[in-house]
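Scroll down for the structure; my scribbles are underneath it.
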Amino acid sequence: MNNTVLELKNISYKYKNDLILNKINLKINSGEKIALLGKSGSGKTTLISVLNGTIKPTQGEVKLFNKSFEELDRKQKSKITTIWQDLRLIEDLSAEQNVNCGLLAENNFYFAFKNLLNISSFKKAHKYMQLCRLHNSIYDKKIRKLSGGQKQRVAIARSLIQGSNILLADEPFNNLDPKLITTIKNLLLESVDKNNTKKSPKTALVALHRLDLLNDFDKIIGIRDGKIFFNIKRNNLKKLHLDKIY
Amino acid sequence: MNKLKLNYTSLSFLPILVCIPLGYQLINNIHFGGFKLFQEFLISAFNPKIDNEIIITVIKRLNETILIGFFSWLVSIIFGAIFGIISSNIFYKIFNIPNFFYRIIRFFLTIIRSIHEVLWGILLIQIYGINFSIGIIAICIPYIAVNSKVFAEQLETIDYKSFESINQINAPKFSSLVTLIWNPIINTFKNFGLYRLECSIRSTVILGLFGIGGIGNSIFLSFQTLNFRELWTYLWSLAILIILSGLIFKKIKFNTTNKILSIFFTAVFLITILFSFSYFLYFIFNNNFENFNSVSSLFKLSSDLGLFDFLKLILETIILSLLSTGIAISLPPLVLGIFNNNTSKIFIKIFAFLLRLIPTPVILLTLLTFNYPSVSLAALTLGLHNAGITSKLLFTNLDSQDKRNYIAMKSLGISKKTSWLLGLFSQQAKSYLAYCAYRSDIIIRETAIVGVIGSVGLGWQLQESLSSFAWQEVTIVLIAYSSIAIVGELINGKIKNSLT
């Protein structure tokens with residue numbers, strides 16, 4: 001459990017004149033499930049973007065499997081999957097085509113082309129969409145025609161189909177009803193592999209606001225004004241901690 | 001005294017002031033020699049020649065026009081998309097290529113599209129002689145560059161977050177590219193592609209006037225022999241072709257989720273690319289240059305063209321563009337505002353259709369029957385033709401607009417004209433001006449056509465230089481044309497950006 005998969009060393013990120021992240025140090029070990037708490041605008045999304053390599057920090061070093069992002073090849077980078085707060089689905093593609101996009105990394109160009117022409121196999125996509133409780137009537141619907149909750153689950157299915165071991169999720173339970181939240185939370189944290197069987201423990205960092213969902217996490221990180229205020233085991237979380245960040 | 005403030009509505013009408021100098025010159029240049037001819041031209045519109053012989057000619061000529069128009073459209077739309085992709089930001093972001101290459105390609109395409117297809121046609125005829133495929137190539141060269149700009153602009157609208165999201169999946173670069181650009185490309189084709197087919201047909205007609213087959217050629221020959229009844233037979237048949245093609249394409253729905261249709265389009269795409277490449281190679285290696293000694297003679301810097309004369313021609317071309325743009329912008333809202341009733345609207349629509357239908361050289365030659373050649377006459381021709389096009393857009397937008405404001409104003413007792421102006425047109429003025437900014441790019445390029453026919457500006461000089469094989473002058477004129485068009489495009493781009 002102690003081998004570090006992701007590490008941030010003294011990370012700062014400045015956008016224009018605003019310091020969004022301020023000297024962040026963080027180690028994420030394999031199999032750890034971490035909840036990231038903080039007010040809106042505290043730097044949660046930026047932290048996730050730094051962790052998945054989408055934005056380069058102004059200062060500091062990010063390491064995945066003890067290597068910097070520049071040293072990693074495409075296959076290694078694809079071991080991280082992200083569920084974005086704003087979902088970032090391709091609006092003009094259908095729900096199943098969007099989910100199939102999660103398979104682009106492990107397939108060649110011909111697969112991408114077939115996916116766009118709608119002649120690729122959607123079997124795997126449908127399986128994950130079913131797991132996310134998406135009804136088959138929406139499979140071929142364009143994203144822009146779906147409700148907020150349906151879009152959210154398409155984004156989650158796209159992330160799950162990638163079969164990555166490291167999950168970064170930015171408020172993935174938005175737009176979901178309480179019953180669905182439990183299902184989706186189990187799917188995200190329990191790591192269901194492509195054959196619908198359990199595999200190596202999934203490492204997850206999930207940004208959220210709802211405190212009632214913290215039970216399934218090992219660690220809680222509190223962030224405020226781009227700084228980590230606490231990084232503690234869940235059992236040690238006190239009201240005092242929350243008062244510091246909210 | 002309050003400071004004068006211009007809004008989009010007043011800016012739409014202000015350019016009509018160009019009619020003051022224009023009208024002055026036109027009145028001074030009037031002559032009565034050809035009024036009878038003009039009268040005959042108008043009467044013939046209602047009495048076109050119809051017999052077996054002409055019907056066979058019409059079918060044959062329309063076939064040629066459709067073939068040239070269709071193939072030039074197909075090739076230019078496909079290669080336009082390809083060049084659009086490689087001149088868009090997203091391509092360079094995905095492949096991590098320095099932006100330097102992006103700027104080079106864009107600049108190259110800007111130069112290519114700055115020269116009108118008629119100029120390319122005239123130039124290619126001089127080099128290769130009259131040839132059926134010259135029409136296709138002459139249209140394709142600038143059209144590929146024009147289409148690439150539209151495709152690139154659409155690709156620029158791809159949400160950066162979608163790019164980040166696909167990039168984060170770490171898919172192969174080509175997979176990421178095709179996934180991101182597929183729908184913007186298809187949508188651009190749906191919204192813009194069919195309009196370009198109409199443009200291709202119009203360009204084929206105009207090139208026909210300069211000797212490259214099709215119905216344009218017959219139109220020109222009928223005009224030269226003053227056979228107006230025959231001329232109108234060709235014009236009406238062209239009108240039927242344009243109306244029919246519009247109706248057919250309105251019926252066609254492109255469903256991207258239809259597997260067979262998707263495979264069919266992909267096959268057409270690939271075959272066109274292969275065919276175009278092989279034909280291009282065949283054309284290059286199997287054609288002897290006629291009347292053209294060597295490409296290097298284009299770049300000799302000596303010329304008999306005096307600097308003063310040359311600057312005068314440039315100035316004439318710029319004035320011609322400004323005057324025509326003024327008419328094209330202001331005439332449609334002015335006429336619609338004044339004659340704002342249902343019967344008038346029908347007549348205005350028919351008149352606008354005729355202005356779009358009749359090729360500019362024919363309009364100009366008709367006007368020359370009672371007016372001496374001048375910048376004003378050329379500007380009036382170009383302005384009227386383009387007013388026909390801008391009015392089509394204005395009609396479409398006004399017809400689809402919410403009329404509640406207009407009705408509310410009328411119910412307050414405000415006059416119909418004022419209600420139309422403030423309740424309807426004022427809401428369209430901004431987008432109308434933005435479209436006119438785009439249109440003025442085309443007007444600058446089109447000055448070449450009226451220049452050649454109407455003895456004004458650089459177009460006329462180009463024709464003269466080509467006729468005397470003065471290749472150095474041709475180069476200078478083309479550079480001047482290109483520079484005017486590029487500067488115009490930059491200015492219009494700024495105006496368009498501030499309006500959208």
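Lettering and numbering for the structure tokens are positional, with chains as A, B, ... in the shown order, residues counted from 1 in each chain, and ligands counted from 1 in the shown order.
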Item to check | Distance filter 12 Å, only C-alpha atoms, chain B against chain A, as JSON, numbers by chain | outcome: {"B": [158, 159, 160, 161, 162, 163, 164, 165, 166, 167, 168, 169, 170, 171, 172, 173, 174, 175, 176, 177, 178, 179, 180, 181, 182, 183, 184, 185, 186, 187, 255, 256, 257, 258, 259, 260, 261, 262, 263, 264, 265, 266]}
Next on the checklist: For the helix (DSSP H, G or I) assignment from backbone DSSP, which residues of segment 225-263 of chain B qualify? Please present them as a PyMOL selection string.
Outcome noted: chain B and resi 228-251+259-263
Ala328 of chain B surroundings by only C-alpha atoms, 8 Å radius, close-in-sequence under 2 positions cut, as a PDB file with C-alpha atoms, in the first residue's frame:
ATOM      1  CA  SER B 324     -19.699  48.892 -54.693  1.00  0.00           C
ATOM      2  CA  THR B 325     -19.582  47.929 -51.028  1.00  0.00           C
ATOM      3  CA  GLY B 326     -21.543  51.069 -50.141  1.00  0.00           C
ATOM      4  CA  SER B 330     -27.216  50.190 -47.919  1.00  0.00           C
ATOM      5  CA  LEU B 331     -29.419  49.555 -50.921  1.00  0.00           C
ATOM      6  CA  PRO B 332     -31.289  46.468 -49.610  1.00  0.00           C
ATOM      7  CA  GLY B 383     -22.892  46.975 -56.113  1.00  0.00           C
ATOM      8  CA  LEU B 384     -26.215  45.901 -57.637  1.00  0.00           C
ATOM      9  CA  HIS B 385     -25.123  42.283 -58.064  1.00  0.00           C
ATOM     10  CA  ASN B 386     -23.914  42.097 -54.470  1.00  0.00           C
ATOM     11  CA  ALA B 387     -26.988  43.943 -53.200  1.00  0.00           C
ATOM     12  CA  GLY B 388     -28.933  41.045 -54.704  1.00  0.00           C
ATOM     13  CA  THR B 390     -27.027  40.783 -49.300  1.00  0.00           C
ATOM     14  CA  CYS B 436     -21.491  42.712 -45.268  1.00  0.00           C
TER      15      CYS B 436
END
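When only C-alpha atoms are used to compute distances to Phe230 of chain A, the closest of the residues A:Leu213, A:Leu180, A:Ile166, A:Leu37 turns out to be A:Leu37.
The smallest atom-to-atom distance between Ile444 of chain B and any of B:Ala429, B:Val375, B:Ile90, B:Leu320, using only C-alpha atoms, is found for B:Leu320.
Straight-line separation from atom CA of Leu368 of chain B to atom CA of Phe351 of chain B: 19.5 Å.
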Checklist entry - Which polymer residues have any atom within 6 Å of an atom of Gly226 of chain A, counting only C-alpha atoms, with same-chain residues fewer than 4 positions away left out, as JSON, numbers by chain? => result {"A": [20, 21, 22, 42, 43]}
Next on the checklist: Show me, as an MDAnalysis selection string, the residues that have an atom within 12 Å of segment 132-136 of chain B when counting only C-alpha atoms, minus same-chain residues fewer than 6 positions from it.
Outcome noted: chainID B and resid 64:76 117:126 142:144 200:214 216:217 276 279:280 282:284 287
Checklist entry - Do you know which residues are at most 10 Å from Glu153 of chain B counting only C-alpha atoms, after dropping those on the same chain fewer than 2 positions away, and could you put them as JSON, numbers by chain? => result {"B": [84, 85, 87, 88, 89, 147, 148, 149, 150, 151, 155, 156, 157, 158, 184, 188]}
Checklist entry - Which of these, A:Ile181, A:Gly38, A:Val62, A:Lys23, has the shortest distance to His241 of chain A once you count only C-alpha atoms? => result A:Gly38
